[in-house]
Structure formats: structure tokens, C-alpha cells
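*Asks:* Dropping in target.tsv, with TSV, C-alpha atoms and all ligand atoms.
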chain	number	residue	atom	x	y	z
A	955	MET	CA	4.64	26.90	-19.54
A	956	ARG	CA	4.45	23.10	-19.52
A	957	GLU	CA	3.88	23.05	-15.73
A	958	LYS	CA	0.51	24.69	-16.31
A	959	LEU	CA	-0.65	21.95	-18.69
A	960	LYS	CA	-3.18	19.41	-17.49
A	961	ASP	CA	-1.92	15.97	-16.52
A	962	ILE	CA	-3.40	13.67	-19.13
A	963	ARG	CA	-3.78	10.85	-16.63
A	964	SER	CA	-6.32	12.86	-14.66
A	965	LEU	CA	-8.75	12.46	-17.58
A	966	SER	CA	-11.33	9.71	-17.84
A	967	ILE	CA	-11.56	7.80	-21.07
A	968	ASP	CA	-14.72	9.71	-21.99
A	969	SER	CA	-13.09	13.10	-21.48
A	970	LEU	CA	-10.19	11.99	-23.60
A	971	ARG	CA	-12.52	10.90	-26.41
A	972	ASN	CA	-14.33	14.25	-26.13
A	973	PHE	CA	-11.07	16.12	-26.34
A	974	PHE	CA	-10.32	14.49	-29.68
A	975	VAL	CA	-13.82	15.05	-31.03
A	976	GLN	CA	-13.69	18.74	-30.08
A	977	ASN	CA	-10.42	19.02	-31.97
A	978	LYS	CA	-11.94	17.36	-35.05
A	979	PHE	CA	-10.23	14.02	-34.57
A	980	LYS	CA	-11.88	10.63	-34.36
A	981	SER	CA	-12.97	9.68	-30.83
A	982	PHE	CA	-11.14	6.32	-30.92
A	983	ARG	CA	-7.86	8.24	-30.71
A	984	GLY	CA	-8.86	8.68	-27.07
A	985	ASP	CA	-8.95	4.90	-26.65
A	986	GLN	CA	-5.52	4.59	-28.22
A	987	VAL	CA	-4.00	7.18	-25.94
A	988	TYR	CA	-5.68	5.65	-22.91
A	989	GLU	CA	-4.11	2.33	-23.81
A	990	TRP	CA	-0.66	3.89	-24.09
A	991	ILE	CA	-0.81	5.62	-20.75
A	992	TRP	CA	-2.47	2.90	-18.68
A	993	LYS	CA	-1.85	-0.42	-20.36
A	994	LYS	CA	1.59	0.22	-21.76
A	995	GLY	CA	2.68	2.70	-19.10
A	996	ILE	CA	4.23	5.14	-21.61
A	997	HIS	CA	5.30	8.54	-20.25
A	998	ASP	CA	6.27	10.26	-23.50
A	999	PHE	CA	3.82	11.29	-26.23
A	1000	ASN	CA	6.44	10.69	-28.91
A	1001	GLN	CA	6.50	7.00	-28.04
A	1002	MET	CA	2.83	6.65	-29.03
A	1003	THR	CA	3.78	5.24	-32.38
A	1004	ASN	CA	0.32	4.54	-33.81
A	1005	LEU	CA	-0.54	8.25	-33.66
A	1006	SER	CA	0.33	10.67	-36.45
A	1007	LYS	CA	2.80	13.45	-35.84
A	1008	GLU	CA	-0.07	15.91	-35.94
A	1009	THR	CA	-1.97	14.01	-33.22
A	1010	ARG	CA	1.10	13.79	-31.04
A	1011	SER	CA	1.69	17.54	-31.42
A	1012	LEU	CA	-1.88	18.23	-30.36
A	1013	LEU	CA	-1.27	16.19	-27.21
A	1014	ILE	CA	2.09	17.81	-26.50
A	1015	ASP	CA	0.52	21.27	-26.81
A	1016	ASN	CA	-2.28	20.44	-24.40
A	1017	PHE	CA	-1.06	17.95	-21.85
A	1018	LYS	CA	1.80	16.69	-19.77
A	1019	ILE	CA	2.24	13.24	-18.24
A	1020	ASN	CA	3.22	13.45	-14.59
A	1021	HIS	CA	5.01	10.36	-13.41
A	1022	ILE	CA	7.26	9.06	-10.69
A	1023	ASP	CA	10.99	8.37	-11.08
A	1024	ILE	CA	13.40	6.27	-9.08
A	1025	ASP	CA	15.59	8.69	-7.16
A	1026	PHE	CA	17.82	5.87	-6.01
A	1027	TYR	CA	17.48	2.24	-5.01
A	1028	ARG	CA	19.36	-0.18	-2.86
A	1029	LYS	CA	19.49	-3.95	-2.87
A	1030	SER	CA	19.59	-5.83	0.40
A	1031	SER	CA	21.66	-8.97	0.90
A	1032	ASP	CA	18.36	-10.90	1.06
A	1033	GLY	CA	17.31	-9.61	-2.38
A	1034	THR	CA	14.89	-6.94	-1.14
A	1035	ILE	CA	15.03	-3.78	-3.24
A	1036	LYS	CA	14.22	-0.46	-1.62
A	1037	ASN	CA	13.33	2.33	-4.00
A	1038	SER	CA	13.31	5.94	-3.05
A	1039	VAL	CA	10.74	7.33	-5.43
A	1040	LYS	CA	10.57	10.94	-6.52
A	1041	LEU	CA	7.15	12.43	-7.22
A	1042	HIS	CA	6.54	15.15	-9.79
A	1043	ASP	CA	6.75	17.82	-7.05
A	1044	ASP	CA	10.07	16.39	-5.81
A	1045	LEU	CA	8.64	14.83	-2.64
A	1046	LEU	CA	9.91	11.33	-1.86
A	1047	VAL	CA	8.19	8.10	-0.89
A	1048	GLU	CA	9.48	4.58	-0.66
A	1049	SER	CA	8.48	1.42	-2.48
A	1050	VAL	CA	9.96	-1.93	-1.60
A	1051	LEU	CA	10.15	-5.06	-3.72
A	1052	ILE	CA	10.38	-8.22	-1.63
A	1053	PRO	CA	11.28	-11.48	-3.37
A	1054	THR	CA	10.70	-14.89	-1.79
A	1055	LYS	CA	11.09	-18.30	-3.40
A	1056	ASN	CA	7.86	-18.14	-5.37
A	1057	ARG	CA	6.69	-14.59	-5.03
A	1058	SER	CA	7.58	-11.01	-5.75
A	1059	THR	CA	5.71	-8.74	-3.42
A	1060	ALA	CA	5.47	-5.02	-4.05
A	1061	CYS	CA	5.12	-3.01	-0.85
A	1062	ILE	CA	3.72	0.37	-1.81
A	1063	SER	CA	3.13	3.74	-0.16
A	1064	SER	CA	-0.20	5.52	-0.09
A	1065	GLN	CA	0.77	8.89	1.44
A	1066	VAL	CA	3.80	11.12	1.76
A	1067	GLY	CA	4.38	10.74	5.49
A	1068	CYS	CA	1.44	9.80	7.69
A	1069	SER	CA	-1.09	11.65	9.82
A	1070	LEU	CA	-1.37	8.87	12.38
A	1071	ASN	CA	1.03	8.93	15.26
A	1072	CYS	CA	2.03	5.35	15.96
A	1073	GLN	CA	4.88	5.90	18.39
A	1074	PHE	CA	7.00	3.00	17.18
A	1075	CYS	CA	6.89	3.78	13.44
A	1076	ALA	CA	9.47	5.89	11.62
A	1077	THR	CA	6.95	7.23	9.10
A	1078	SER	CA	4.95	8.94	11.85
A	1079	LYS	CA	7.93	11.19	12.50
A	1080	ILE	CA	7.31	12.97	9.24
A	1081	ASN	CA	3.81	14.39	9.29
A	1082	ARG	CA	1.48	13.73	6.42
A	1083	LEU	CA	2.56	16.05	3.63
A	1084	ARG	CA	-0.01	14.90	1.10
A	1085	ASN	CA	-1.93	11.96	-0.26
A	1086	LEU	CA	-0.53	10.12	-3.24
A	1087	LYS	CA	-2.56	10.50	-6.38
A	1088	MET	CA	-4.03	7.50	-8.10
A	1089	ASP	CA	-1.38	7.45	-10.83
A	1090	GLU	CA	1.42	7.71	-8.25
A	1091	ILE	CA	0.15	4.56	-6.56
A	1092	PHE	CA	-0.26	2.88	-9.94
A	1093	ASP	CA	3.25	3.88	-11.07
A	1094	GLN	CA	4.88	2.24	-8.04
A	1095	VAL	CA	3.41	-1.06	-9.16
A	1096	THR	CA	4.54	-0.56	-12.76
A	1097	LEU	CA	8.01	0.33	-11.60
A	1098	MET	CA	8.45	-2.69	-9.36
A	1099	ASP	CA	6.92	-4.99	-11.93
A	1100	LYS	CA	9.72	-3.94	-14.29
A	1101	GLN	CA	12.30	-4.49	-11.55
A	1102	SER	CA	10.90	-7.88	-10.71
A	1103	ARG	CA	11.10	-8.97	-14.36
A	1104	MET	CA	14.62	-7.63	-14.64
A	1105	TYR	CA	16.09	-9.06	-11.42
A	1106	PHE	CA	13.95	-12.12	-10.75
A	1107	ASN	CA	12.62	-13.02	-14.19
A	1108	ARG	CA	8.99	-12.87	-13.18
A	1109	PRO	CA	6.25	-10.29	-12.82
A	1110	ILE	CA	5.17	-9.13	-9.37
A	1111	SER	CA	2.73	-11.57	-7.81
A	1112	ASN	CA	1.43	-9.68	-4.78
A	1113	ILE	CA	0.83	-6.14	-3.65
A	1114	VAL	CA	0.72	-4.98	-0.05
A	1115	PHE	CA	-0.21	-1.48	1.08
A	1116	MET	CA	2.34	-1.52	3.87
A	1117	GLY	CA	4.67	1.27	2.82
A	1118	MET	CA	4.34	4.85	4.00
A	1119	GLY	CA	0.97	6.16	5.01
A	1120	GLU	CA	-2.47	4.95	5.98
A	1121	PRO	CA	-4.24	3.65	2.85
A	1122	LEU	CA	-7.73	4.10	4.32
A	1123	MET	CA	-7.01	7.81	4.79
A	1124	ASN	CA	-6.45	8.08	1.05
A	1125	TYR	CA	-9.38	5.88	0.21
A	1126	ASN	CA	-10.58	7.07	-3.18
A	1127	ASN	CA	-7.16	7.24	-4.79
A	1128	MET	CA	-6.23	3.84	-3.42
A	1129	ILE	CA	-9.39	2.22	-4.78
A	1130	ALA	CA	-9.02	3.96	-8.14
A	1131	ALA	CA	-5.42	2.71	-8.38
A	1132	ILE	CA	-6.45	-0.85	-7.57
A	1133	LYS	CA	-9.09	-0.65	-10.28
A	1134	LYS	CA	-6.49	0.41	-12.82
A	1135	ILE	CA	-3.96	-2.16	-11.62
A	1136	THR	CA	-6.38	-5.05	-11.94
A	1137	GLN	CA	-7.99	-3.77	-15.11
A	1138	TYR	CA	-5.28	-2.37	-17.34
A	1139	ARG	CA	-1.90	-3.80	-16.55
A	1140	LYS	CA	-0.90	-7.31	-17.39
A	1141	PHE	CA	0.63	-7.96	-14.00
A	1142	GLY	CA	-1.37	-11.15	-13.71
A	1143	ILE	CA	-2.60	-9.78	-10.43
A	1144	SER	CA	-6.12	-10.27	-9.23
A	1145	SER	CA	-7.43	-8.23	-6.35
A	1146	ARG	CA	-7.15	-11.39	-4.20
A	1147	ARG	CA	-3.39	-10.91	-4.24
A	1148	ILE	CA	-3.69	-7.40	-2.87
A	1149	THR	CA	-3.50	-6.78	0.87
A	1150	ILE	CA	-4.64	-3.54	2.42
A	1151	SER	CA	-3.04	-2.92	5.76
A	1152	THR	CA	-4.69	-0.42	8.06
A	1153	SER	CA	-4.03	0.87	11.52
A	1154	GLY	CA	-7.73	0.28	12.07
A	1155	ILE	CA	-10.24	2.95	11.13
A	1156	PRO	CA	-13.63	1.33	11.71
A	1157	LYS	CA	-15.79	3.49	9.45
A	1158	MET	CA	-13.43	3.02	6.51
A	1159	ILE	CA	-13.12	-0.73	7.09
A	1160	MET	CA	-16.89	-0.95	6.71
A	1161	LYS	CA	-16.75	1.08	3.54
A	1162	LEU	CA	-14.06	-1.24	2.20
A	1163	ALA	CA	-16.20	-4.26	3.03
A	1164	ASP	CA	-18.87	-2.90	0.71
A	1165	GLU	CA	-16.54	-2.74	-2.33
A	1166	ASP	CA	-16.95	-5.32	-5.08
A	1167	PHE	CA	-13.28	-6.31	-5.00
A	1168	LYS	CA	-12.03	-9.24	-3.04
A	1169	PHE	CA	-8.83	-8.09	-1.41
A	1170	LYS	CA	-7.23	-9.16	1.83
A	1171	LEU	CA	-7.40	-7.07	4.95
A	1172	ALA	CA	-4.67	-6.73	7.55
A	1173	VAL	CA	-5.05	-4.71	10.71
A	1174	SER	CA	-2.14	-3.41	12.75
A	1175	LEU	CA	-3.47	-4.31	16.17
A	1176	HIS	CA	-0.31	-4.54	18.34
A	1177	SER	CA	-2.42	-4.62	21.48
A	1178	ALA	CA	-5.98	-5.71	22.24
A	1179	ASN	CA	-6.08	-3.54	25.33
A	1180	GLN	CA	-7.60	-0.12	24.75
A	1181	LEU	CA	-5.34	1.73	27.21
A	1182	ILE	CA	-2.12	0.24	25.88
A	1183	ARG	CA	-3.24	0.79	22.33
A	1184	GLU	CA	-3.90	4.46	23.05
A	1185	LYS	CA	-0.40	4.80	24.39
A	1186	ILE	CA	1.36	3.22	21.44
A	1187	MET	CA	-1.10	4.42	18.78
A	1188	PRO	CA	-2.58	7.65	20.22
A	1189	PHE	CA	-5.03	8.19	17.35
A	1190	THR	CA	-7.02	5.18	18.65
A	1191	ILE	CA	-8.47	7.37	21.40
A	1192	LYS	CA	-11.01	8.27	18.74
A	1193	PHE	CA	-11.39	4.71	17.48
A	1194	PRO	CA	-12.06	2.36	20.40
A	1195	ILE	CA	-11.43	-1.36	20.13
A	1196	ALA	CA	-15.14	-2.14	20.47
A	1197	ASP	CA	-15.80	-0.19	17.23
A	1198	LEU	CA	-12.87	-1.91	15.54
A	1199	ILE	CA	-14.30	-5.33	16.45
A	1200	GLU	CA	-17.69	-4.34	15.12
A	1201	SER	CA	-16.22	-3.18	11.81
A	1202	LEU	CA	-14.14	-6.33	11.43
A	1203	ASN	CA	-17.17	-8.51	11.98
A	1204	TYR	CA	-18.98	-6.51	9.35
A	1205	TRP	CA	-16.02	-7.09	7.02
A	1206	TYR	CA	-16.20	-10.84	7.64
A	1207	LEU	CA	-19.94	-10.91	7.18
A	1208	LYS	CA	-19.67	-9.14	3.84
A	1209	THR	CA	-16.53	-10.81	2.44
A	1210	ASN	CA	-16.18	-14.13	4.24
A	1211	ARG	CA	-12.45	-13.43	4.47
A	1212	ILE	CA	-10.57	-13.72	7.71
A	1213	ILE	CA	-8.49	-10.80	8.87
A	1214	THR	CA	-4.75	-10.83	9.48
A	1215	LEU	CA	-3.84	-9.15	12.76
A	1216	GLU	CA	-0.38	-7.64	12.64
A	1217	TYR	CA	1.18	-7.71	16.03
A	1218	ILE	CA	4.56	-6.59	17.35
A	1219	VAL	CA	5.58	-7.73	20.83
A	1220	TRP	CA	7.68	-5.29	22.84
A	1221	GLU	CA	9.33	-5.81	26.18
A	1222	ASN	CA	7.45	-4.13	29.04
A	1223	ILE	CA	4.66	-2.93	26.76
A	1224	ASN	CA	2.62	-5.94	25.68
A	1225	SER	CA	4.66	-8.93	26.81
A	1226	LYS	CA	2.63	-9.93	29.89
A	1227	LYS	CA	0.31	-12.91	30.25
A	1228	SER	CA	-2.66	-10.52	30.44
A	1229	ASP	CA	-1.65	-9.06	27.05
A	1230	ILE	CA	-1.74	-12.51	25.52
A	1231	ASN	CA	-5.14	-13.12	27.07
A	1232	ASP	CA	-6.47	-9.85	25.68
A	1233	LEU	CA	-5.31	-10.90	22.22
A	1234	ILE	CA	-6.90	-14.34	22.60
A	1235	ASN	CA	-10.20	-12.76	23.59
A	1236	PHE	CA	-10.00	-10.41	20.61
A	1237	CYS	CA	-9.41	-13.37	18.28
A	1238	LYS	CA	-12.40	-15.18	19.71
A	1239	GLU	CA	-14.56	-12.26	18.66
A	1240	VAL	CA	-13.01	-11.65	15.24
A	1241	PRO	CA	-12.38	-14.33	12.58
A	1242	SER	CA	-8.66	-13.83	12.26
A	1243	LYS	CA	-5.13	-15.12	12.27
A	1244	VAL	CA	-2.18	-13.45	13.93
A	1245	ASN	CA	0.99	-12.34	12.21
A	1246	LEU	CA	3.65	-11.64	14.82
A	1247	ILE	CA	6.13	-9.16	13.36
A	1248	GLN	CA	9.75	-8.72	14.31
A	1249	TYR	CA	10.29	-5.17	15.53
A	1250	ASN	CA	12.79	-2.97	13.74
A	1251	SER	CA	14.20	-0.38	16.05
A	1252	ILE	CA	13.80	3.26	15.09
A	1253	GLY	CA	16.16	4.36	17.83
A	1254	ASP	CA	13.61	4.90	20.59
A	1255	ASP	CA	14.64	3.15	23.81
A	1256	ASP	CA	11.04	2.78	25.00
A	1257	TYR	CA	10.40	0.27	22.24
A	1258	LYS	CA	12.48	-2.85	22.47
A	1259	GLY	CA	11.41	-5.92	20.52
A	1260	ALA	CA	10.59	-8.89	22.77
A	1261	SER	CA	12.86	-11.92	22.95
A	1262	VAL	CA	12.24	-15.10	20.96
A	1263	ASP	CA	11.18	-16.76	24.23
A	1264	ILE	CA	8.32	-14.32	24.66
A	1265	ILE	CA	7.30	-14.65	21.01
A	1266	ASN	CA	7.24	-18.43	21.45
A	1267	LYS	CA	5.08	-18.03	24.53
A	1268	TYR	CA	2.64	-15.93	22.54
A	1269	GLN	CA	2.52	-18.50	19.77
A	1270	ASN	CA	2.02	-21.43	22.17
A	1271	GLU	CA	-0.79	-19.72	24.04
A	1272	LEU	CA	-2.53	-18.76	20.80
A	1273	LEU	CA	-2.20	-22.32	19.54
A	1274	LYS	CA	-3.71	-23.70	22.76
A	1275	HIS	CA	-6.82	-21.71	21.91
A	1276	GLY	CA	-6.83	-22.87	18.30
A	1277	ILE	CA	-5.65	-19.52	16.91
A	1278	ASN	CA	-3.23	-19.65	13.98
A	1279	SER	CA	-0.20	-17.46	14.07
A	1280	THR	CA	2.95	-16.91	12.06
A	1281	TYR	CA	6.13	-15.08	12.96
A	1282	ARG	CA	7.37	-12.72	10.27
A	1283	ARG	CA	11.04	-12.02	10.23
A	1284	SER	CA	12.12	-8.75	8.78
A	1285	ARG	CA	13.32	-8.39	5.23
A	1286	GLY	CA	15.67	-5.73	3.98
A	1287	ALA	CA	16.70	-4.63	7.48
A	1288	ASP	CA	20.27	-3.90	6.37
A	1289	ILE	CA	19.00	-1.19	4.02
A	1290	ASP	CA	16.28	0.28	6.28
A	1291	ALA	CA	13.62	-1.17	4.03
A	1292	ALA	CA	11.96	-3.14	6.78
A	1293	CYS	CA	8.48	-2.22	7.99
A	1294	GLY	CA	8.23	1.03	9.88
A	1295	GLN	CA	11.74	2.05	8.91
A	1296	LEU	CA	10.80	3.64	5.66
A	1297	ALA	CA	11.61	7.14	6.83
A	1298	ASN	CA	14.82	6.42	8.68
A	1299	LYS	CA	17.91	8.36	7.58
B	1	LIG	N1	-0.76	2.43	8.09
B	1	LIG	C1	-0.85	1.07	7.72
B	1	LIG	C2	0.21	0.60	6.74
B	1	LIG	C3	1.64	1.01	6.99
B	1	LIG	S1	2.57	0.25	8.26
B	1	LIG	C4	-0.86	0.18	8.93
B	1	LIG	O1	-0.63	0.68	10.02
B	1	LIG	O2	-1.14	-1.00	8.81
B	1	LIG	C5	2.82	-1.42	7.83
B	1	LIG	C6	3.08	-2.32	9.02
B	1	LIG	O3	4.37	-2.09	9.62
B	1	LIG	C7	2.08	-2.11	10.15
B	1	LIG	O4	1.64	-3.33	10.65
B	1	LIG	C8	2.89	-1.36	11.16
B	1	LIG	O5	2.35	-1.46	12.43
B	1	LIG	C9	4.24	-2.03	11.04
B	1	LIG	N2	5.35	-1.28	11.62
B	1	LIG	C10	5.42	0.04	11.84
B	1	LIG	N3	6.61	0.36	12.41
B	1	LIG	C11	7.30	-0.80	12.53
B	1	LIG	C12	8.61	-1.13	13.01
B	1	LIG	N4	9.44	-0.19	13.45
B	1	LIG	N5	8.99	-2.43	12.98
B	1	LIG	C13	8.17	-3.38	12.49
B	1	LIG	N6	6.94	-3.13	12.00
B	1	LIG	C14	6.50	-1.86	12.02
In C-alpha cells, write the structure found in this file.
Ligand code: SAH

*Replies:*
Amino acid sequence: MREKLKDIRSLSIDSLRNFFVQNKFKSFRGDQVYEWIWKKGIHDFNQMTNLSKETRSLLIDNFKINHIDIDFYRKSSDGTIKNSVKLHDDLLVESVLIPTKNRSTACISSQVGCSLNCQFCATSKINRLRNLKMDEIFDQVTLMDKQSRMYFNRPISNIVFMGMGEPLMNYNNMIAAIKKITQYRKFGISSRRITISTSGIPKMIMKLADEDFKFKLAVSLHSANQLIREKIMPFTIKFPIADLIESLNYWYLKTNRIITLEYIVWENINSKKSDINDLINFCKEVPSKVNLIQYNSIGDDDYKGASVDIINKYQNELLKHGINSTYRRSRGADIDAACGQLANK
């Protein structure tokens, strides 16, 4: 049965070369196949046209190529494309392509569901079903690169890990995918154009700081007050703000890159003057800039996005203390592609 066959993309290049040698073929066939599956993104052995029929049969008899498929996609009036992506075991994740004037940003998922329990996020309502494998993360990029070329006449320019899941809880697969993305595909993407967004897991942030790559780090802070943070993001009971600050300073020390703090303002949750002061104090301790994010309702009355007046107040106070901030309006809201809505409906 083909289901029992090994997925060829789980093999390293050396194992692939060995496979050919053991079967009395030249080892460079392994290099050719590796190029087809990673550089050219081919999912069908019969499309590997520089291999003989005999070689292709050997592969067909021994391997399968698991890959993702678009289940369906929708285009928002602002150009954003939301893909519902089917994995080889029929589970679904979402990948969103966000065009702006000069960029095409691919927002990709790292897990099916999420094990964290951020109260305001739709993904947390489905528990974590499993981690995405390296090739499933890689395939999302390939897929949206094709879409970007087709609809916007350009390759994708940026990648953000802001889809479903917590990337730092699927660390090894995420790093392996980034390696492949920057190494094999001609996306024209350097790791500098890749942003990893985390809810803030100190130990893993420090691990990330020690990697050789130079990516950008974003942290979903949403409150700089431990008690409030525990209420809106209960998992932070185990990860106090003091530890987060320490890990972010380690990140800055090692990378010299400032951190983007993602921050949603809600009425009656973090809209008071003292909340702004807590954020200002946090920013004084961590080299950072603030990205205020428009809240997209997930139908919970406890979470109501703050008015523009309050957002302006936040921005003015931050500015008074020399802290840069931007206000990010939602994209793709009409198709539930906006942040935190990826599991709605
Ligand atoms: N787990 C990672 C990445 C996924 S969430 C993280 O937490 O960073 C990507 C971003 O969307 C995070 O900043 C998250 O806090 C934010 N987000 C979650 N739900 C949202 C919602 N309903 N409206 C707007 N942003 C939301």
C-alpha cells in the first residue's frame, strides 16, 4: 500500500545518495532528486524528466511525496488571499497572502490549532492537534509564492509566522523549514525578511537568539502587567514578564535587532493610563518598537477593541517617551483572514 511508503522528503541528501548507491545507481541521482523536490518543488516522480524510466520506477516503488493542497481559497476586497490548506492526513490549516504596494507577505501556520490559550484568539479554541512538519511549512511558502506570481506578478517578499500556532513550540521543524526556504527556493528571500512571532516563551527566545540566522522577532505582549497578562493569556502564569524581559535582552545582546511588540488595546482590559505606563516601562527595559494591532472580534463580548481615541492616546504617550509605534489596520477582515480569526467558521 502506498500509504506505508516512506515520504521521500523526510530523507537527508546523504540518505538519498545512499539509497541510490545501495540500489546500484550512481549517488548523484540523489542530488538530482533532491533538487526536484526542494528546489523545483515537484510532487510527482514522473515529472523528474532527467531521470530514466527505470530510476523513476525505483522511486515510485519505494517512496511517496506527501504534500499540501489548497482545499479552497478566498480573495478579500483588499487583495488578501486566504487559503485553507489540506494536509496529507486531511487536517486543515490556513495560509494568508497579504499584498501591499511593494510587498507580498506570506503569513504561515506552524501548528494545527494551538496549545496556548490566549482568550482573544480564535485559534486557541481548537486545541493543538499536531505540529506541522518541516515540508508542510515549506510548502505553504511555495504555494503562496506561486499565487503571488500569478496574481501580483512578483514573488513573495516577506514571510511572517503569524498564522495558526506558536512557532516556538514547533521549534525544530520551523528552523528546518527556514533553512530550506532560504537555501533551496529562489524566492529571493533572505532570513532578514522573515519574522517569527511568538506569544513569548523565554527559554525558546534565548535558543532562537543563538541561531546563525538573522530573522526578526515579534512578541505578542498585549499587556506589560503580569496579572492582566495572565488573565488574557493564561499560559503566562508559567512565563513571568521578568523572564520575558531577560530573554528579550539576551536576544538583543546576541542579534542587535530590536523587537517588535504586538499589542492589542481592548476596552476595560488594558485601556487605562496605568496600562500605558506599564508598557512604557517595559519598552524602557527592552529595545523595542510597538505595533498596535486592530482587534478582530471573535464573538466574545469580553473583548472589545478600543476606540481610535484610546489608540491615539497610547501612541501619543509612547511618543512622549521616545518610543516608536505604528498602528496596524486589519487586512482581509471580510474573509476572516485577519489575525486571530484563522479558525473562525
Ligand atoms: N502564536 C504566535 C503567532 C500567531 S498569532 C503569537 O502569539 O505571536 C499572530 C498575532 O495575531 C499575535 O500577535 C496575536 O496576538 C494576534 N491576534 C490573535 N488574535 C487576534 C485577534 N482576534 N485580532 C487581532 N489580532 C489577534

*Asks:* Within 12 Å of Asn1266 of chain A, counting all atoms listed in the file, which residues show up once you throw out same-chain ones fewer than 3 positions away? Write them as a CSV table (one decimal) with C-alpha atoms, in the coordinates of the input, please.

*Replies:*
chain,number,residue,atom,x,y,z
A,1219,VAL,CA,5.6,-7.7,20.8
A,1225,SER,CA,4.7,-8.9,26.8
A,1230,ILE,CA,-1.7,-12.5,25.5
A,1246,LEU,CA,3.6,-11.6,14.8
A,1260,ALA,CA,10.6,-8.9,22.8
A,1261,SER,CA,12.9,-11.9,23.0
A,1262,VAL,CA,12.2,-15.1,21.0
A,1263,ASP,CA,11.2,-16.8,24.2
A,1269,GLN,CA,2.5,-18.5,19.8
A,1270,ASN,CA,2.0,-21.4,22.2
A,1271,GLU,CA,-0.8,-19.7,24.0
A,1272,LEU,CA,-2.5,-18.8,20.8
A,1273,LEU,CA,-2.2,-22.3,19.5
A,1279,SER,CA,-0.2,-17.5,14.1
A,1280,THR,CA,3.0,-16.9,12.1
A,1281,TYR,CA,6.1,-15.1,13.0

*Asks:* Choose the residue, out of A:Tyr1257, A:Phe1169, A:Phe973, A:Phe1074, that has the smallest atom-to-atom separation from ligand LIG 1 (chain B); count only C-alpha atoms and all ligand atoms.

*Replies:*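 Checking each candidate against ligand LIG 1 (chain B), we get A:Phe1074 as the closest.
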
*Asks:* Using atom CA of Ser1058 of chain A and atom CA of Gln1248 of chain A as the two end points, give the distance in Å to one decimal.

*Replies:* 20.3 Å

*Asks:* Got a sec to check which residues lie within 9 Å of ligand LIG 1 (chain B), using all atoms listed in the file, and send them as a ChimeraX atom specification?

*Replies:* /A:1063-1064,1068,1070,1072-1078,1114-1123,1150-1154,1172-1176,1215-1218,1247-1252,1257,1259,1284,1292-1296

*Asks:* Print the selection's residues with C-alpha atoms to a file, as an mmCIF file, in the coordinates of the input.

*Replies:*
data_model
loop_
_atom_site.group_PDB
_atom_site.id
_atom_site.type_symbol
_atom_site.label_atom_id
_atom_site.label_comp_id
_atom_site.auth_asym_id
_atom_site.auth_seq_id
_atom_site.Cartn_x
_atom_site.Cartn_y
_atom_site.Cartn_z
ATOM 1 C CA SER A 1063 3.130 3.740 -0.160
ATOM 2 C CA SER A 1064 -0.200 5.520 -0.090
ATOM 3 C CA CYS A 1068 1.440 9.800 7.690
ATOM 4 C CA LEU A 1070 -1.370 8.870 12.380
ATOM 5 C CA CYS A 1072 2.030 5.350 15.960
ATOM 6 C CA GLN A 1073 4.880 5.900 18.390
ATOM 7 C CA PHE A 1074 7.000 3.000 17.180
ATOM 8 C CA CYS A 1075 6.890 3.780 13.440
ATOM 9 C CA ALA A 1076 9.470 5.890 11.620
ATOM 10 C CA THR A 1077 6.950 7.230 9.100
ATOM 11 C CA SER A 1078 4.950 8.940 11.850
ATOM 12 C CA VAL A 1114 0.720 -4.980 -0.050
ATOM 13 C CA PHE A 1115 -0.210 -1.480 1.080
ATOM 14 C CA MET A 1116 2.340 -1.520 3.870
ATOM 15 C CA GLY A 1117 4.670 1.270 2.820
ATOM 16 C CA MET A 1118 4.340 4.850 4.000
ATOM 17 C CA GLY A 1119 0.970 6.160 5.010
ATOM 18 C CA GLU A 1120 -2.470 4.950 5.980
ATOM 19 C CA PRO A 1121 -4.240 3.650 2.850
ATOM 20 C CA LEU A 1122 -7.730 4.100 4.320
ATOM 21 C CA MET A 1123 -7.010 7.810 4.790
ATOM 22 C CA ILE A 1150 -4.640 -3.540 2.420
ATOM 23 C CA SER A 1151 -3.040 -2.920 5.760
ATOM 24 C CA THR A 1152 -4.690 -0.420 8.060
ATOM 25 C CA SER A 1153 -4.030 0.870 11.520
ATOM 26 C CA GLY A 1154 -7.730 0.280 12.070
ATOM 27 C CA ALA A 1172 -4.670 -6.730 7.550
ATOM 28 C CA VAL A 1173 -5.050 -4.710 10.710
ATOM 29 C CA SER A 1174 -2.140 -3.410 12.750
ATOM 30 C CA LEU A 1175 -3.470 -4.310 16.170
ATOM 31 C CA HIS A 1176 -0.310 -4.540 18.340
ATOM 32 C CA LEU A 1215 -3.840 -9.150 12.760
ATOM 33 C CA GLU A 1216 -0.380 -7.640 12.640
ATOM 34 C CA TYR A 1217 1.180 -7.710 16.030
ATOM 35 C CA ILE A 1218 4.560 -6.590 17.350
ATOM 36 C CA ILE A 1247 6.130 -9.160 13.360
ATOM 37 C CA GLN A 1248 9.750 -8.720 14.310
ATOM 38 C CA TYR A 1249 10.290 -5.170 15.530
ATOM 39 C CA ASN A 1250 12.790 -2.970 13.740
ATOM 40 C CA SER A 1251 14.200 -0.380 16.050
ATOM 41 C CA ILE A 1252 13.800 3.260 15.090
ATOM 42 C CA TYR A 1257 10.400 0.270 22.240
ATOM 43 C CA GLY A 1259 11.410 -5.920 20.520
ATOM 44 C CA SER A 1284 12.120 -8.750 8.780
ATOM 45 C CA ALA A 1292 11.960 -3.140 6.780
ATOM 46 C CA CYS A 1293 8.480 -2.220 7.990
ATOM 47 C CA GLY A 1294 8.230 1.030 9.880
ATOM 48 C CA GLN A 1295 11.740 2.050 8.910
ATOM 49 C CA LEU A 1296 10.800 3.640 5.660
#

*Asks:* Considering all atoms listed in the file, can you say which of A:Asn1056, A:Asn1016, A:Asn977, A:Gln1065 comes closest to Arg1108 of chain A?

*Replies:*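 Counting all atoms listed in the file, the residue closest to Arg1108 of chain A is A:Asn1056.
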